[in-house]
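Novice: Here you go, one structure.
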Amino acid sequence: MKLKKRKIKYSAIFLLCWLAFLVFLIDGVLIFQTLVDYFGSYALVEVALLLLVLLPTLAVYAFTKEKK
């Protein structure tokens, strides 16, 4: 699999922005411990948050068009 620099650049920018937004949202607004108390499992909340970051980033990488 050949990685494309442009696709990686856009994915990395999206990853940083989305991660910063989620950190602000989870740590500042929703408070992480409240989510753990609500769902009952620290591991479940961690996996869900990781998927919320990784899946959209992979989608941006997959759907970014490469200039020819």
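Just so we're on the same page: first chain in the structure tokens is A, next is B, and so on; residues restart at 1 for each chain, and ligands are numbered from 1 in the order they show up.
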Enumerate the residues of chain A with a DSSP assignment of alpha helix (DSSP H), computed from the backbone, and present them as a VMD selection string.

Specialist: chain A and resid 5 to 23 32 to 39 42 to 63

Novice: Now that the selection is made, can you save its residues with N, CA and C atoms as a compact mmCIF listing (two decimals), in the first residue's frame?

Specialist:
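Below is the file that was written, out_9.txt:
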```
# COMPACT_ATOMS: atom_id res chain seq x y z
N LYS A 5 1.22 11.55 0.31
CA LYS A 5 1.56 12.63 1.23
C LYS A 5 0.40 13.59 1.45
N ARG A 6 -0.32 13.91 0.40
CA ARG A 6 -1.44 14.85 0.51
C ARG A 6 -2.54 14.28 1.40
N LYS A 7 -2.84 13.01 1.21
CA LYS A 7 -3.88 12.37 2.00
C LYS A 7 -3.46 12.30 3.47
N ILE A 8 -2.20 12.00 3.72
CA ILE A 8 -1.71 11.94 5.09
C ILE A 8 -1.76 13.32 5.73
N LYS A 9 -1.42 14.36 4.97
CA LYS A 9 -1.44 15.72 5.51
C LYS A 9 -2.85 16.11 5.93
N TYR A 10 -3.83 15.89 5.08
CA TYR A 10 -5.20 16.24 5.43
C TYR A 10 -5.72 15.39 6.59
N SER A 11 -5.36 14.14 6.60
CA SER A 11 -5.78 13.28 7.71
C SER A 11 -5.14 13.71 9.02
N ALA A 12 -3.89 14.10 8.99
CA ALA A 12 -3.20 14.55 10.20
C ALA A 12 -3.80 15.85 10.72
N ILE A 13 -4.10 16.77 9.83
CA ILE A 13 -4.73 18.03 10.24
C ILE A 13 -6.10 17.74 10.87
N PHE A 14 -6.88 16.88 10.24
CA PHE A 14 -8.18 16.52 10.78
C PHE A 14 -8.02 15.84 12.15
N LEU A 15 -7.05 14.94 12.27
CA LEU A 15 -6.82 14.23 13.52
C LEU A 15 -6.51 15.21 14.65
N LEU A 16 -5.63 16.16 14.40
CA LEU A 16 -5.27 17.12 15.44
C LEU A 16 -6.46 17.98 15.86
N CYS A 17 -7.21 18.46 14.89
CA CYS A 17 -8.36 19.31 15.20
C CYS A 17 -9.45 18.52 15.93
N TRP A 18 -9.76 17.34 15.45
CA TRP A 18 -10.80 16.52 16.05
C TRP A 18 -10.39 16.08 17.45
N LEU A 19 -9.12 15.71 17.63
CA LEU A 19 -8.63 15.30 18.94
C LEU A 19 -8.69 16.46 19.93
N ALA A 20 -8.30 17.64 19.50
CA ALA A 20 -8.37 18.81 20.37
C ALA A 20 -9.81 19.11 20.76
N PHE A 21 -10.72 19.01 19.80
CA PHE A 21 -12.14 19.24 20.09
C PHE A 21 -12.68 18.22 21.09
N LEU A 22 -12.35 16.95 20.89
CA LEU A 22 -12.83 15.92 21.81
C LEU A 22 -12.23 16.07 23.20
N VAL A 23 -10.95 16.44 23.28
CA VAL A 23 -10.33 16.65 24.60
C VAL A 23 -11.05 17.79 25.31
N PHE A 32 -14.92 13.54 32.11
CA PHE A 32 -14.66 12.13 31.81
C PHE A 32 -15.24 11.20 32.87
N GLN A 33 -15.08 11.55 34.13
CA GLN A 33 -15.56 10.67 35.20
C GLN A 33 -17.07 10.50 35.15
N THR A 34 -17.79 11.52 34.71
CA THR A 34 -19.24 11.41 34.56
C THR A 34 -19.59 10.37 33.50
N LEU A 35 -18.83 10.35 32.40
CA LEU A 35 -19.06 9.34 31.36
C LEU A 35 -18.78 7.94 31.89
N VAL A 36 -17.70 7.80 32.66
CA VAL A 36 -17.37 6.49 33.23
C VAL A 36 -18.47 6.04 34.18
N ASP A 37 -18.97 6.95 35.00
CA ASP A 37 -20.07 6.61 35.91
C ASP A 37 -21.33 6.23 35.15
N TYR A 38 -21.61 6.93 34.06
CA TYR A 38 -22.82 6.68 33.28
C TYR A 38 -22.77 5.32 32.58
N PHE A 39 -21.63 5.02 31.92
CA PHE A 39 -21.52 3.78 31.17
C PHE A 39 -21.05 2.62 32.03
N TYR A 42 -14.65 1.94 32.49
CA TYR A 42 -13.58 2.81 32.03
C TYR A 42 -13.10 2.38 30.64
N ALA A 43 -12.94 1.07 30.46
CA ALA A 43 -12.44 0.54 29.18
C ALA A 43 -13.41 0.84 28.04
N LEU A 44 -14.70 0.72 28.30
CA LEU A 44 -15.70 1.00 27.27
C LEU A 44 -15.64 2.46 26.83
N VAL A 45 -15.52 3.36 27.77
CA VAL A 45 -15.44 4.79 27.44
C VAL A 45 -14.16 5.08 26.67
N GLU A 46 -13.03 4.49 27.09
CA GLU A 46 -11.76 4.70 26.38
C GLU A 46 -11.83 4.19 24.94
N VAL A 47 -12.37 3.01 24.75
CA VAL A 47 -12.47 2.44 23.40
C VAL A 47 -13.40 3.28 22.53
N ALA A 48 -14.50 3.72 23.09
CA ALA A 48 -15.44 4.55 22.33
C ALA A 48 -14.79 5.87 21.92
N LEU A 49 -14.03 6.48 22.82
CA LEU A 49 -13.36 7.74 22.49
C LEU A 49 -12.27 7.53 21.45
N LEU A 50 -11.54 6.44 21.55
CA LEU A 50 -10.52 6.16 20.54
C LEU A 50 -11.15 5.94 19.16
N LEU A 51 -12.26 5.23 19.13
CA LEU A 51 -12.96 5.02 17.85
C LEU A 51 -13.51 6.32 17.29
N LEU A 52 -13.96 7.22 18.18
CA LEU A 52 -14.44 8.53 17.73
C LEU A 52 -13.33 9.37 17.10
N VAL A 53 -12.10 9.08 17.44
CA VAL A 53 -10.98 9.80 16.85
C VAL A 53 -10.46 9.08 15.61
N LEU A 54 -10.29 7.77 15.70
CA LEU A 54 -9.65 7.02 14.61
C LEU A 54 -10.55 6.82 13.39
N LEU A 55 -11.80 6.49 13.58
CA LEU A 55 -12.68 6.20 12.44
C LEU A 55 -12.89 7.41 11.53
N PRO A 56 -13.19 8.60 12.06
CA PRO A 56 -13.32 9.75 11.15
C PRO A 56 -11.99 10.10 10.46
N THR A 57 -10.87 9.91 11.16
CA THR A 57 -9.57 10.19 10.55
C THR A 57 -9.31 9.24 9.39
N LEU A 58 -9.62 7.97 9.57
CA LEU A 58 -9.46 7.01 8.48
C LEU A 58 -10.41 7.32 7.33
N ALA A 59 -11.59 7.80 7.66
CA ALA A 59 -12.54 8.17 6.61
C ALA A 59 -12.02 9.36 5.80
N VAL A 60 -11.43 10.34 6.47
CA VAL A 60 -10.85 11.49 5.75
C VAL A 60 -9.73 11.00 4.85
N TYR A 61 -8.91 10.09 5.34
CA TYR A 61 -7.82 9.56 4.51
C TYR A 61 -8.38 8.82 3.29
N ALA A 62 -9.42 8.04 3.52
CA ALA A 62 -9.97 7.23 2.42
C ALA A 62 -10.66 8.08 1.36
N PHE A 63 -11.31 9.17 1.75
CA PHE A 63 -12.10 9.95 0.81
C PHE A 63 -11.40 11.18 0.27
```
